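As provided, my_file_28.cif (mmCIF, C-alpha atoms) reads as follows.
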data_start
loop_
_atom_site.label_atom_id
_atom_site.label_comp_id
_atom_site.auth_asym_id
_atom_site.auth_seq_id
_atom_site.Cartn_x
_atom_site.Cartn_y
_atom_site.Cartn_z
CA MET F 264 16.43 82.92 -14.52
CA ALA F 265 18.66 83.12 -17.55
CA TRP F 266 17.84 80.55 -20.21
CA PHE F 267 18.55 81.57 -23.79
CA GLY F 268 18.27 85.15 -22.51
CA GLY F 269 14.85 83.92 -21.27
CA PRO F 270 12.49 86.59 -20.25
CA ARG F 271 14.69 89.39 -21.59
CA ARG F 272 14.46 88.20 -25.18
CA VAL F 273 10.83 87.36 -24.87
CA MET F 274 10.16 90.82 -23.52
CA ARG F 275 11.26 92.48 -26.72
CA VAL F 276 8.35 90.71 -28.38
CA VAL F 277 5.88 90.76 -25.57
CA ARG F 278 6.19 94.23 -24.15
CA PRO F 279 4.38 95.95 -26.98
CA THR F 280 1.51 93.46 -26.50
CA PHE F 281 1.01 93.83 -22.77
CA ARG F 282 0.24 97.41 -22.40
CA GLY F 283 0.34 98.85 -18.91
CA ARG F 284 1.77 95.74 -17.26
CA ASP F 285 5.21 94.60 -16.30
CA ALA F 286 5.28 91.71 -18.71
CA ARG F 287 8.75 90.73 -17.73
CA GLU F 288 7.70 89.73 -14.27
CA THR F 289 4.58 88.02 -15.52
CA ILE F 290 6.43 85.85 -17.97
CA ALA F 291 9.15 85.06 -15.45
CA ARG F 292 6.49 84.03 -12.94
CA ILE F 293 4.78 81.81 -15.48
CA TRP F 294 8.11 80.34 -16.43
CA ARG F 295 9.20 79.65 -12.91
CA SER F 296 5.96 78.03 -11.89
CA GLY F 297 5.22 75.98 -14.95
CA GLY F 298 8.28 75.87 -17.16
CA LEU F 299 8.79 72.18 -16.67
CA VAL F 300 5.14 71.51 -17.34
CA ILE F 301 5.26 73.58 -20.50
CA LEU F 302 8.34 71.79 -21.77
CA GLY F 303 6.85 68.45 -20.77
CA GLY F 304 3.72 69.25 -22.70
CA ILE F 305 5.72 70.17 -25.77
CA ALA F 306 7.71 66.96 -25.53
CA ALA F 307 4.52 64.94 -25.07
CA GLY F 308 3.00 66.60 -28.09
CA MET F 309 6.05 65.80 -30.18
CA THR F 310 5.85 62.21 -28.99
CA ALA F 311 2.17 61.93 -29.76
CA PHE F 312 2.47 63.47 -33.21
CA PRO F 313 5.83 62.28 -34.53
CA ASP F 314 5.13 62.70 -38.23
CA GLN F 315 3.98 66.25 -37.79
CA THR F 316 7.03 66.95 -35.65
CA VAL F 317 9.33 65.60 -38.34
CA ALA F 318 7.60 67.72 -40.93
CA LEU F 319 8.03 70.71 -38.67
CA PHE F 320 11.76 70.16 -38.23
CA ARG F 321 12.51 69.16 -41.80
CA PRO F 322 13.17 72.70 -43.10
CA PHE F 323 15.75 73.20 -40.38
CA ALA F 324 17.34 69.79 -40.77
CA ALA F 325 19.60 70.79 -43.67
CA VAL F 326 21.18 73.69 -41.78
CA ALA F 327 21.33 71.75 -38.54
CA GLY F 328 22.75 68.77 -40.37
CA LEU F 329 25.58 70.86 -41.78
CA GLY F 330 26.56 71.98 -38.31
CA TRP F 331 26.28 68.47 -36.99
CA ARG F 332 28.36 67.00 -39.78
CA THR F 333 31.08 69.60 -39.25
CA GLY F 334 31.19 68.95 -35.53
CA LEU F 335 31.08 65.20 -35.94
CA GLY F 336 33.83 65.39 -38.55
CA ALA F 337 36.02 67.32 -36.11
CA VAL F 338 35.34 64.82 -33.33
CA SER F 339 36.03 61.89 -35.67
CA ALA F 340 39.32 63.49 -36.72
CA LEU F 341 40.18 63.89 -33.06
CA ARG F 342 39.34 60.27 -32.42
CA ASP F 343 41.43 59.11 -35.37
CA ALA F 344 44.34 61.26 -34.23
CA GLY F 345 43.99 59.88 -30.75
CA GLY F 346 43.86 56.37 -32.13
CA ALA F 347 46.97 57.01 -34.19
CA GLY F 348 48.65 58.48 -31.16
CA MET F 349 47.74 55.49 -29.05
CA ARG F 350 48.99 53.19 -31.79
CA SER F 351 52.26 55.14 -31.84
CA VAL F 352 52.57 54.90 -28.09
CA ARG F 353 51.81 51.20 -28.21
CA SER F 354 54.30 50.66 -31.03
CA LEU F 355 56.93 52.68 -29.12
CA THR F 356 56.29 50.61 -26.05
CA ALA F 357 56.50 47.44 -28.09
CA LEU F 358 59.71 48.70 -29.73
CA ALA F 359 61.24 49.47 -26.36
CA ARG F 360 60.31 46.04 -25.10
CA GLU F 361 61.69 44.44 -28.27
CA ALA F 362 64.90 46.44 -27.90
CA ARG F 363 65.34 45.18 -24.35
CA GLU F 364 64.75 41.61 -25.47
CA LEU F 365 67.23 42.01 -28.32
CA GLU F 366 69.81 43.41 -25.90
CA GLN F 367 69.37 40.41 -23.68
CA GLN F 368 69.68 38.09 -26.65
CA LEU F 369 72.78 39.95 -27.78
CA SER F 370 74.36 39.61 -24.35
CA ALA F 371 73.57 35.92 -24.34
CA LEU F 372 75.03 35.52 -27.84
CA GLU F 373 78.17 37.42 -26.82
CA GLN F 374 78.55 35.11 -23.86
CA ARG F 375 78.18 32.11 -26.11
CA THR F 376 80.72 33.55 -28.54
CA VAL F 377 83.23 34.09 -25.75
CA PHE F 378 82.55 30.59 -24.51
CA LYS F 379 83.05 29.12 -27.98
CA GLU F 380 86.28 31.05 -28.47
CA GLU F 381 87.50 29.74 -25.16
CA LYS F 382 86.61 26.22 -26.17
CA GLN F 383 88.42 26.64 -29.48
CA ARG F 384 91.57 27.85 -27.75
CA GLU F 385 91.35 24.93 -25.36
CA LEU F 386 90.97 22.64 -28.34
CA VAL F 387 94.14 24.03 -29.90
CA ARG F 388 96.04 23.58 -26.64
CA LEU F 389 94.78 20.07 -26.19
CA ARG F 390 95.74 19.16 -29.74
CA ARG F 391 99.26 20.36 -29.08
CA LEU F 392 99.28 18.35 -25.90
CA LEU F 393 98.12 15.31 -27.80
CA LEU F 394 100.94 15.76 -30.29
CA LEU F 395 103.35 16.01 -27.41
CA LYS F 396 101.82 12.97 -25.78
CA ASP F 397 102.37 10.99 -28.94
CA GLU F 398 106.03 12.01 -28.92
CA LEU F 399 106.58 11.24 -25.25
CA PRO F 400 107.70 7.72 -24.48
CA GLY F 401 105.92 5.82 -21.79
CA PRO F 402 102.66 6.41 -20.04
CA THR F 403 101.58 9.91 -19.07
CA VAL F 404 98.95 11.46 -16.85
CA SER F 405 97.27 14.64 -18.05
CA ALA F 406 96.45 17.31 -15.51
CA ARG F 407 95.11 20.83 -15.37
CA VAL F 408 96.90 23.63 -13.60
CA LEU F 409 94.84 24.77 -10.65
CA GLY F 410 97.15 27.60 -9.63
CA SER F 411 100.28 28.42 -7.73
CA ASP F 412 100.99 27.25 -4.21
CA PRO F 413 100.95 30.29 -1.87
CA ASP F 414 103.51 28.65 0.47
CA PRO F 415 106.95 30.02 -0.44
CA ALA F 416 108.55 26.79 0.67
CA LEU F 417 106.43 24.93 -1.82
CA ALA F 418 106.50 27.54 -4.55
CA GLY F 419 105.29 25.90 -7.73
CA LEU F 420 102.28 24.89 -9.77
CA VAL F 421 99.36 23.00 -8.27
CA LEU F 422 97.89 20.29 -10.51
CA ASP F 423 94.54 18.51 -10.28
CA ALA F 424 96.09 15.02 -10.36
CA GLY F 425 97.44 13.17 -7.33
CA THR F 426 98.41 9.78 -6.06
CA GLY F 427 94.96 8.53 -6.93
CA ASP F 428 95.82 9.14 -10.59
CA GLY F 429 99.22 7.49 -10.39
CA VAL F 430 101.28 10.60 -9.69
CA ARG F 431 104.42 10.14 -7.58
CA GLU F 432 107.05 12.48 -6.25
CA GLY F 433 109.96 13.10 -8.57
CA GLN F 434 108.08 12.45 -11.80
CA GLY F 435 108.72 14.91 -14.61
CA VAL F 436 106.13 17.38 -15.82
CA ALA F 437 106.03 18.67 -19.39
CA GLY F 438 103.95 21.29 -21.11
CA PRO F 439 103.24 21.83 -24.82
CA ALA F 440 106.49 23.79 -25.28
CA GLY F 441 108.79 21.63 -23.22
CA ALA F 442 109.82 20.62 -19.73
CA VAL F 443 108.20 22.35 -16.78
CA GLY F 444 109.64 20.71 -13.66
CA ARG F 445 109.29 17.79 -11.29
CA ILE F 446 106.56 16.65 -8.94
CA LEU F 447 107.60 18.01 -5.56
CA SER F 448 104.76 16.58 -3.48
CA ALA F 449 101.72 14.48 -4.34
CA GLY F 450 98.45 14.29 -2.41
CA PRO F 451 95.47 12.07 -3.09
CA ALA F 452 93.93 14.47 -5.64
CA THR F 453 96.47 17.23 -6.21
CA SER F 454 100.18 17.57 -6.59
CA THR F 455 102.77 20.36 -6.59
CA VAL F 456 105.34 20.92 -9.34
CA LEU F 457 108.85 22.16 -8.63
CA TRP F 458 109.82 24.49 -11.44
CA LEU F 459 113.02 24.12 -13.37
CA THR F 460 114.05 27.56 -12.16
CA ASP F 461 113.72 26.55 -8.50
CA PRO F 462 117.10 26.41 -6.75
CA ARG F 463 116.25 22.90 -5.60
CA SER F 464 115.82 21.67 -9.18
CA ARG F 465 118.57 19.61 -10.87
CA ILE F 466 118.15 17.68 -14.13
CA ALA F 467 120.58 16.27 -16.64
CA ALA F 468 120.60 18.16 -19.94
CA PHE F 469 122.63 18.57 -23.11
CA VAL F 470 123.12 21.05 -25.91
CA GLN F 471 121.37 19.76 -29.00
CA ARG F 472 123.85 21.14 -31.55
CA SER F 473 127.15 20.15 -29.95
CA ARG F 474 125.81 17.29 -27.78
CA VAL F 475 127.67 18.79 -24.81
CA ARG F 476 126.22 17.45 -21.54
CA GLY F 477 125.81 19.27 -18.24
CA VAL F 478 123.52 19.69 -15.25
CA LEU F 479 120.63 22.16 -15.50
CA ALA F 480 120.15 23.85 -12.14
CA GLY F 481 117.61 26.41 -11.10
CA ASP F 482 118.77 29.80 -9.94
CA GLY F 483 115.56 31.40 -8.69
CA SER F 484 114.55 33.19 -11.85
CA ARG F 485 116.49 31.27 -14.50
CA CYS F 486 118.20 27.98 -15.30
CA VAL F 487 121.95 27.50 -15.51
CA LEU F 488 123.65 24.67 -17.41
CA LYS F 489 126.62 23.89 -15.22
CA TYR F 490 129.70 21.73 -15.25
CA LEU F 491 130.63 22.48 -18.87
CA ALA F 492 134.26 22.08 -19.80
CA ALA F 493 136.14 25.16 -20.79
CA GLY F 494 136.45 23.99 -24.37
CA ASP F 495 132.92 22.84 -24.87
CA ASP F 496 131.12 24.27 -27.89
CA VAL F 497 128.19 26.19 -26.48
CA ARG F 498 126.81 29.23 -28.16
CA VAL F 499 124.01 31.70 -27.55
CA GLY F 500 120.82 30.42 -29.14
CA ASP F 501 121.64 26.75 -28.77
CA ARG F 502 118.80 24.49 -27.73
CA VAL F 503 119.08 22.60 -24.47
CA LEU F 504 117.27 19.27 -24.14
CA THR F 505 116.78 16.82 -21.31
CA ALA F 506 119.40 14.07 -21.28
CA GLY F 507 117.24 11.28 -19.85
CA GLY F 508 119.28 8.42 -18.44
CA GLY F 509 117.35 7.69 -15.26
CA SER F 510 116.26 11.25 -14.52
CA ALA F 511 112.67 12.38 -14.25
CA PHE F 512 112.56 13.17 -17.96
CA PRO F 513 113.21 11.00 -20.98
CA LYS F 514 115.82 12.15 -23.46
CA GLY F 515 115.00 14.88 -25.95
CA ILE F 516 112.45 17.13 -24.24
CA LEU F 517 113.15 20.80 -24.89
CA VAL F 518 114.21 22.76 -21.84
CA GLY F 519 115.10 26.16 -23.26
CA LEU F 520 117.55 28.30 -25.24
CA VAL F 521 121.03 29.45 -24.25
CA ARG F 522 121.05 33.14 -23.56
CA GLU F 523 124.60 33.69 -22.25
CA VAL F 524 127.79 31.71 -21.88
CA ARG F 525 130.37 32.68 -19.23
CA ARG F 526 133.31 31.25 -17.41
CA ALA F 527 132.88 29.97 -13.88
CA GLY F 528 136.39 29.33 -12.65
CA MET F 529 137.83 26.50 -14.69
CA LEU F 530 134.48 25.65 -16.21
CA LEU F 531 131.81 27.18 -18.36
CA GLU F 532 128.26 27.99 -17.43
CA ALA F 533 125.36 28.83 -19.75
CA ASP F 534 122.22 30.71 -18.79
CA VAL F 535 119.17 28.98 -20.25
CA ILE F 536 115.82 30.65 -20.80
CA PRO F 537 113.07 28.06 -20.19
CA ALA F 538 110.93 27.31 -23.22
CA VAL F 539 107.77 27.04 -21.10
CA GLN F 540 106.20 30.14 -19.60
CA VAL F 541 104.82 28.61 -16.46
CA ARG F 542 102.53 31.56 -15.74
CA ARG F 543 100.53 30.76 -18.87
CA LEU F 544 100.29 27.02 -18.43
CA GLU F 545 96.84 25.47 -18.28
CA GLU F 546 97.34 21.77 -19.07
CA VAL F 547 100.41 19.58 -18.54
CA PHE F 548 101.52 15.97 -18.81
CA ILE F 549 103.04 14.09 -15.90
CA LEU F 550 105.56 11.56 -17.12
CA SER F 551 104.81 8.34 -15.26
CA ARG F 552 108.47 7.20 -15.03
CA PRO F 553 109.94 5.84 -11.84
CA ALA F 554 111.07 8.65 -9.48
CA GLY F 555 114.75 9.44 -9.82
CA GLY F 556 117.31 11.92 -11.01
CA SER F 557 118.87 14.78 -9.14
CA MET D 130 28.88 85.26 -22.39
CA ARG D 131 28.38 82.69 -19.70
CA LEU D 132 25.44 81.34 -21.60
CA VAL D 133 27.54 80.99 -24.74
CA ALA D 134 30.27 79.18 -22.85
CA VAL D 135 27.85 76.78 -21.23
CA ALA D 136 26.09 76.23 -24.55
CA GLY D 137 29.43 75.44 -26.15
CA LEU D 138 30.13 72.95 -23.39
CA PHE D 139 26.77 71.28 -23.96
CA ALA D 140 27.29 71.21 -27.72
CA LEU D 141 30.68 69.55 -27.29
CA ALA D 142 29.20 67.03 -24.89
CA LEU D 143 26.45 66.22 -27.36
CA LEU D 144 28.98 65.77 -30.17
CA VAL D 145 31.07 63.42 -28.06
CA ASP D 146 27.96 61.43 -27.14
CA VAL D 147 26.86 61.06 -30.75
CA SER D 148 30.33 60.22 -32.06
CA GLU D 149 30.72 57.47 -29.43
CA LEU D 150 34.23 58.71 -28.74
CA LEU D 151 34.09 57.40 -25.21
CA ALA D 152 32.37 54.11 -25.98
CA VAL D 153 33.69 51.25 -23.89
CA PRO D 154 35.01 48.78 -26.46
CA VAL D 155 34.20 45.59 -24.62
CA ALA D 156 30.86 46.28 -22.95
CA GLY D 157 29.51 48.66 -25.57
CA GLY D 158 28.16 51.28 -23.18
CA ARG D 159 29.30 54.85 -22.99
CA PRO D 160 29.02 57.74 -20.56
CA LEU D 161 26.37 60.27 -21.57
CA LEU D 162 28.12 63.57 -21.11
CA PHE D 163 25.10 65.67 -22.05
CA ALA D 164 22.92 64.03 -19.43
CA ALA D 165 25.67 64.42 -16.83
CA LEU D 166 26.02 68.12 -17.67
CA ALA D 167 22.27 68.66 -17.51
CA ALA D 168 22.20 67.01 -14.11
CA SER D 169 25.10 69.21 -12.98
CA VAL D 170 23.22 72.33 -14.11
CA ALA D 171 20.17 71.09 -12.25
CA LEU D 172 22.20 70.72 -9.07
CA ARG D 173 23.61 74.22 -9.40
CA ARG D 174 20.62 76.15 -10.74
CA GLY D 175 17.57 74.06 -10.18
CA ALA D 176 15.40 71.55 -11.95
CA LEU D 177 14.01 74.04 -14.45
CA ALA D 178 17.41 75.05 -15.77
CA GLY D 179 18.61 71.49 -16.00
CA GLY D 180 15.37 70.36 -17.59
CA ALA D 181 15.51 73.16 -20.14
CA TRP D 182 19.03 72.27 -21.17
CA GLY D 183 18.13 68.60 -21.37
CA PHE D 184 15.05 69.39 -23.44
CA SER D 185 17.06 71.46 -25.90
CA GLY D 186 19.66 68.73 -26.20
CA GLY D 187 17.00 66.16 -26.93
CA VAL D 188 15.45 68.41 -29.57
CA ALA D 189 18.89 68.98 -31.13
CA LEU D 190 19.49 65.25 -31.31
CA GLY D 191 16.09 64.70 -32.81
CA ALA D 192 16.80 67.32 -35.44
CA LEU D 193 20.02 65.51 -36.26
CA PHE D 194 18.42 62.13 -36.79
CA LEU D 195 15.06 63.53 -37.96
CA ASP D 196 13.13 60.43 -37.02
CA ARG D 197 10.06 59.68 -34.95
CA ASP D 198 12.04 59.87 -31.71
CA ILE D 199 12.27 63.65 -31.52
CA GLY D 200 9.60 63.79 -28.87
CA PRO D 201 10.92 60.93 -26.74
CA ARG D 202 14.44 62.40 -26.90
CA ALA D 203 13.17 65.80 -25.82
CA LEU D 204 11.24 64.17 -22.99
CA ALA D 205 14.30 62.13 -22.02
CA GLY D 206 16.42 65.25 -21.86
CA LEU D 207 13.80 67.05 -19.83
CA LEU D 208 13.63 64.24 -17.32
CA ALA D 209 17.41 63.77 -17.23
CA GLY D 210 17.86 67.42 -16.39
CA SER D 211 15.10 67.78 -13.84
CA LEU D 212 14.37 64.47 -12.16
CA PRO D 213 17.75 63.83 -10.52
CA VAL D 214 17.30 66.93 -8.36
CA THR D 215 14.77 64.94 -6.36
CA LEU D 216 17.71 62.99 -4.92
CA ARG D 217 18.82 66.13 -3.11
CA GLY D 218 17.00 65.02 0.00
CA TRP D 219 18.48 61.53 -0.15
CA VAL D 220 22.15 61.96 -0.95
CA TYR D 221 24.85 64.50 -0.21
CA VAL D 222 25.06 66.28 -3.55
CA GLN D 223 28.07 68.28 -2.36
CA ARG D 224 30.12 65.12 -2.42
CA TRP D 225 31.21 63.21 -5.46
CA GLY D 226 29.30 60.13 -4.41
CA GLY D 227 26.03 62.05 -4.33
CA GLN D 228 26.81 63.70 -7.64
CA ALA D 229 27.57 60.30 -9.15
CA ALA D 230 24.16 59.05 -8.02
CA VAL D 231 22.49 62.07 -9.60
CA GLY D 232 24.43 61.51 -12.80
CA ALA D 233 23.47 57.85 -12.87
CA LEU D 234 19.79 58.73 -12.62
CA ALA D 235 20.19 61.28 -15.39
CA GLY D 236 21.88 58.71 -17.60
CA ALA D 237 19.15 56.20 -16.89
CA CYS D 238 16.46 58.71 -17.86
CA TRP D 239 18.29 59.74 -21.03
CA THR D 240 18.60 56.15 -22.20
CA SER D 241 15.41 54.60 -20.92
CA VAL D 242 12.79 57.05 -22.20
CA PRO D 243 13.47 56.50 -25.91
CA ALA D 244 13.64 52.75 -25.24
CA LEU D 245 10.31 52.94 -23.42
CA ALA D 246 8.78 54.90 -26.28
CA ALA D 247 10.01 52.31 -28.74
CA TRP D 248 8.52 49.56 -26.61
CA VAL D 249 5.19 51.36 -26.48
CA ARG D 250 5.24 51.66 -30.24
CA SER D 251 6.17 47.96 -30.42
CA ASP D 252 9.38 48.88 -32.19
CA LEU D 253 11.54 47.28 -29.50
CA GLY D 254 12.58 43.69 -30.06
CA PRO D 255 11.59 40.89 -27.68
CA ALA D 256 14.80 41.19 -25.67
CA PRO D 257 14.40 43.64 -22.82
CA GLY D 258 17.30 42.04 -20.98
CA PRO D 259 20.12 43.44 -23.13
CA VAL D 260 18.35 46.79 -23.30
CA GLY D 261 18.12 46.87 -19.51
CA LEU D 262 21.81 46.01 -19.25
CA ALA D 263 22.71 48.77 -21.69
CA ILE D 264 20.64 51.26 -19.70
CA ALA D 265 22.29 50.18 -16.45
CA LEU D 266 25.78 50.37 -17.96
CA ASN D 267 25.18 53.80 -19.48
CA ALA D 268 23.74 55.03 -16.18
CA MET D 269 26.75 53.78 -14.26
CA LEU D 270 29.23 55.35 -16.67
CA THR D 271 27.29 58.62 -16.67
CA GLY D 272 27.42 58.65 -12.88
CA VAL D 273 31.20 58.27 -13.04
CA VAL D 274 31.69 61.32 -15.28
CA CYS D 275 29.10 63.53 -13.53
CA PRO D 276 31.30 64.83 -10.68
CA PRO D 277 34.25 65.93 -12.85
CA LEU D 278 31.88 67.49 -15.38
CA GLY D 279 30.20 69.36 -12.56
CA SER D 280 33.57 70.69 -11.44
CA LEU D 281 34.35 71.69 -15.00
CA LEU D 282 31.03 73.49 -15.35
CA GLU D 283 31.60 75.34 -12.12
CA ARG D 284 35.07 76.38 -13.26
CA VAL D 285 33.77 77.56 -16.64
CA GLU D 286 30.98 79.60 -15.07
CA ARG D 287 33.35 81.15 -12.60
CA ARG D 288 35.90 82.20 -15.18
CA VAL D 289 33.51 83.55 -17.80
#
In C-alpha cells, how does this file's structure come out?
Amino acid sequence: MAWFGGPRRVMRVVRPTFRGRDARETIARIWRSGGLVILGGIAAGMTAFPDQTVALFRPFAAVAGLGWRTGLGAVSALRDAGGAGMRSVRSLTALAREARELEQQLSALEQRTVFKEEKQRELVRLRRLLLLKDELPGPTVSARVLGSDPDPALAGLVLDAGTGDGVREGQGVAGPAGAVGRILSAGPATSTVLWLTDPRSRIAAFVQRSRVRGVLAGDGSRCVLKYLAAGDDVRVGDRVLTAGGGSAFPKGILVGLVREVRRAGMLLEADVIPAVQVRRLEEVFILSRPAGGS
Amino acid sequence: MRLVAVAGLFALALLVDVSELLAVPVAGGRPLLFAALAASVALRRGALAGGAWGFSGGVALGALFLDRDIGPRALAGLLAGSLPVTLRGWVYVQRWGGQAAVGALAGACWTSVPALAAWVRSDLGPAPGPVGLAIALNAMLTGVVCPPLGSLLERVERRV
C-alpha cells in the first residue's frame, strides 16, 4: 500500500521505537484494517471541533494560500485565454458569415446595376424611337424584335406584332437609324420582315443631294440603286432616302449611303450600305400605310 | 514518481474544481474532477486508497478556505473516495456506464456532506430544494467525467 510513501516513511520514525519487531508489517496491518476508520475519526474530530481545527491549520494557511493563489492564478489565466480564444473563434465565425452575406448582397447589387444599365440603354433606344415616331407621318405600330426566322425562304426579322395589332403584309418597317424592310407575312401575334437586302425587296429611292431617283433592290448582302441614267450625279457618300409615292415607305426615310458607283450597260448602278444594322435591332416601327409598292 | 504524478493530477483537478473552470453557465453546476479521480483510484486500488486521496483533498480545500468546514470537507472526500466502491457488486465497473455511476455517487458525497453539516449547524437556508438540485446536477456531471478521468489515470500510472 503506497500512500504518501505510507509505511516506508513512517518506518523511519517508528523503527527505533519498536525494538525487536517488524514495525513495518505491524503498521501496514493496522493501516489496512482500520485506515478508513482512522481517517473517519480524524474527520469527525475536525467536524466536532471546528474552531480548534482552524487554529491548528492557521499557521500553515499562509504557505498553503500562496500555493493556492499561484495555482488559481494560472487556471484563471488559462480560462481567460480560453475565453479570448473562444471569442476570437466566434468573431471569426461571425466574420465569415458576414462576408458570405456581403458577397450575396454584392451579387444582388451587381445584378441590379446590370439591370438598371439595361433599362437605361432601353430608355435611350426608346427615346430615339419616339423622336423617329414624331417625324414619321401617319400612324405607326411599335414592335420588339423577337429574333430571326430560321426558315431560309422566310429569312428576316420576327416581330411581336401581328394582324391583331393592325399589321398587314407590305407595310414598311423602320428602325431608329432608318428603313429596315417590309412586312413579308403577318400572323395574329407576330410578323416577319423582309430586309432591304433581300433579293425580293424593291423600293423606290432617291439620292438626297442630287435628287436622282432609282429603284433600290436587294442583292443578298447589300442594296443596289438601279436604273440610274448614265449622266446622273451620284457620288460615293451620298445619302439615299425612300421616295414614297405609294410605296411601303413615306418619302424621306434614310436607307443608306452610297459606297460605289459603276456602269451597268447603258445605265449606272450604285451600291448602298444600309443605315440600319439589322442584327442589332431591338425595337422597330411598322408604318401603318396601305400595302403597296414594288 | 508515480505518486508525484498522481498527486499532480489530483492537485490540478482540485484547482479546476475551485476555479469553476468547467462550471455550466446556464445550470450553475460543475463536474467535480477531484471526486471523480478519487473514485477512479478507489476502483483501481481499493476503498482505502481512494478514501485517503479524498480525505487529503478535503483537508487541502479546508486549508484554502480556512473556515469551519474543514472537517466536513475531509469527511466528504473520505466518503467520495471510499463509498462508491460498494457499487462494485451492483454495476459493471469495467464499463463506462458503471464508472459513471461510481463517479455520480462520489460527486453526490462530495457535495452533500458539507451541505448536511451546514444543515446540522443550522447554517443552511430554508430551501433544501435548490440545494438538492445542485447536488444532483453536480453528481450527474461528475459521473460524466469519471470514465475519461479513470482512463487518464490509468494511462498516467502506466507511463510513469
Output check: residues returned by the PyMOL selection byres ((chain D) within 6 of (chain F)), as a PDB file with C-alpha atoms, keeping the file's coordinate frame:
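So the final result, stored in expr-v6.pdb, reads:
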ATOM      1  CA  LEU D 177      14.010  74.040 -14.450  1.00  0.00           C
ATOM      2  CA  ALA D 192      16.800  67.320 -35.440  1.00  0.00           C
ATOM      3  CA  LEU D 193      20.020  65.510 -36.260  1.00  0.00           C
ATOM      4  CA  ARG D 197      10.060  59.680 -34.950  1.00  0.00           C
ATOM      5  CA  GLY D 200       9.600  63.790 -28.870  1.00  0.00           C
ATOM      6  CA  PRO D 201      10.920  60.930 -26.740  1.00  0.00           C
ATOM      7  CA  ALA D 203      13.170  65.800 -25.820  1.00  0.00           C
ATOM      8  CA  LEU D 204      11.240  64.170 -22.990  1.00  0.00           C
TER       9      LEU D 204
END
| query | Can you tell me, as a ChimeraX atom specification, what residues are no more than 9 Å from region 449-461 of chain F when counting all atoms listed in the file, ignoring any on the same chain fewer than 4 positions away? | reply | /F:409,411-412,417-428,430-432,435-436,442-445,465-466,479-487,518,537,541
| field | Close residues, Leu399 (chain F) itself excluded, 12 Å, only C-alpha atoms, min 2 positions apart in chain, as a list in words | value |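 The residues that qualify are Leu392, Leu393, Leu394, Leu395, Lys396, Asp397, Gly401, Pro402, Thr403, Val404, Gly435, Val436, Ala437, Gly438, Pro439, Gly441, Ala442, Gly507, Phe512, Pro513, Lys514, Gly515, Ile516, Leu517, Phe548, Ile549, Leu550, Ser551 and Arg552 of chain F.
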| task | Using all atoms listed in the file, collect all residues at a distance of at most 12 Å from (126.5, 18.1, -30.6) as written in the file, then present them as a ChimeraX atom specification. | result | /F:469-476,495-498,501-504
| field | Atom-to-atom span, CA of Ala506 (chain F) and CA of Gly433 (chain F), Å | value |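 If I compute the distance from CA of Ala506 (chain F) to CA of Gly433 (chain F), I get 15.9 Å.
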Please supply region 423-433 of chain F, rebuilt with N, CA, C and O atoms, as an mmCIF file, in the frame of the given file.
data_model
loop_
_atom_site.group_PDB
_atom_site.id
_atom_site.type_symbol
_atom_site.label_atom_id
_atom_site.label_comp_id
_atom_site.auth_asym_id
_atom_site.auth_seq_id
_atom_site.Cartn_x
_atom_site.Cartn_y
_atom_site.Cartn_z
ATOM 1 N N ASP F 423 95.739 19.194 -10.773
ATOM 2 C CA ASP F 423 94.540 18.510 -10.280
ATOM 3 C C ASP F 423 94.662 16.984 -10.400
ATOM 4 O O ASP F 423 93.677 16.278 -10.537
ATOM 5 N N ALA F 424 95.886 16.476 -10.357
ATOM 6 C CA ALA F 424 96.090 15.020 -10.360
ATOM 7 C C ALA F 424 96.960 14.678 -9.160
ATOM 8 O O ALA F 424 97.885 15.424 -8.811
ATOM 9 N N GLY F 425 96.678 13.552 -8.520
ATOM 10 C CA GLY F 425 97.440 13.170 -7.330
ATOM 11 C C GLY F 425 97.762 11.678 -7.357
ATOM 12 O O GLY F 425 97.733 11.018 -8.402
ATOM 13 N N THR F 426 98.012 11.187 -6.163
ATOM 14 C CA THR F 426 98.410 9.780 -6.060
ATOM 15 C C THR F 426 97.297 8.861 -6.548
ATOM 16 O O THR F 426 97.558 7.754 -7.014
ATOM 17 N N GLY F 427 96.074 9.328 -6.428
ATOM 18 C CA GLY F 427 94.960 8.530 -6.930
ATOM 19 C C GLY F 427 94.998 8.352 -8.433
ATOM 20 O O GLY F 427 94.416 7.418 -8.973
ATOM 21 N N ASP F 428 95.726 9.229 -9.135
ATOM 22 C CA ASP F 428 95.820 9.140 -10.590
ATOM 23 C C ASP F 428 97.148 8.524 -11.025
ATOM 24 O O ASP F 428 97.438 8.476 -12.219
ATOM 25 N N GLY F 429 97.939 8.120 -10.046
ATOM 26 C CA GLY F 429 99.220 7.490 -10.390
ATOM 27 C C GLY F 429 100.390 8.444 -10.342
ATOM 28 O O GLY F 429 101.470 8.119 -10.847
ATOM 29 N N VAL F 430 100.194 9.609 -9.748
ATOM 30 C CA VAL F 430 101.280 10.600 -9.690
ATOM 31 C C VAL F 430 102.151 10.290 -8.476
ATOM 32 O O VAL F 430 101.652 9.990 -7.390
ATOM 33 N N ARG F 431 103.469 10.384 -8.662
ATOM 34 C CA ARG F 431 104.420 10.140 -7.580
ATOM 35 C C ARG F 431 105.412 11.285 -7.539
ATOM 36 O O ARG F 431 105.647 11.982 -8.523
ATOM 37 N N GLU F 432 106.046 11.436 -6.383
ATOM 38 C CA GLU F 432 107.050 12.480 -6.250
ATOM 39 C C GLU F 432 108.222 12.174 -7.162
ATOM 40 O O GLU F 432 108.624 11.019 -7.334
ATOM 41 N N GLY F 433 108.770 13.241 -7.726
ATOM 42 C CA GLY F 433 109.960 13.100 -8.570
ATOM 43 C C GLY F 433 109.644 12.918 -10.030
ATOM 44 O O GLY F 433 110.539 13.008 -10.864
#
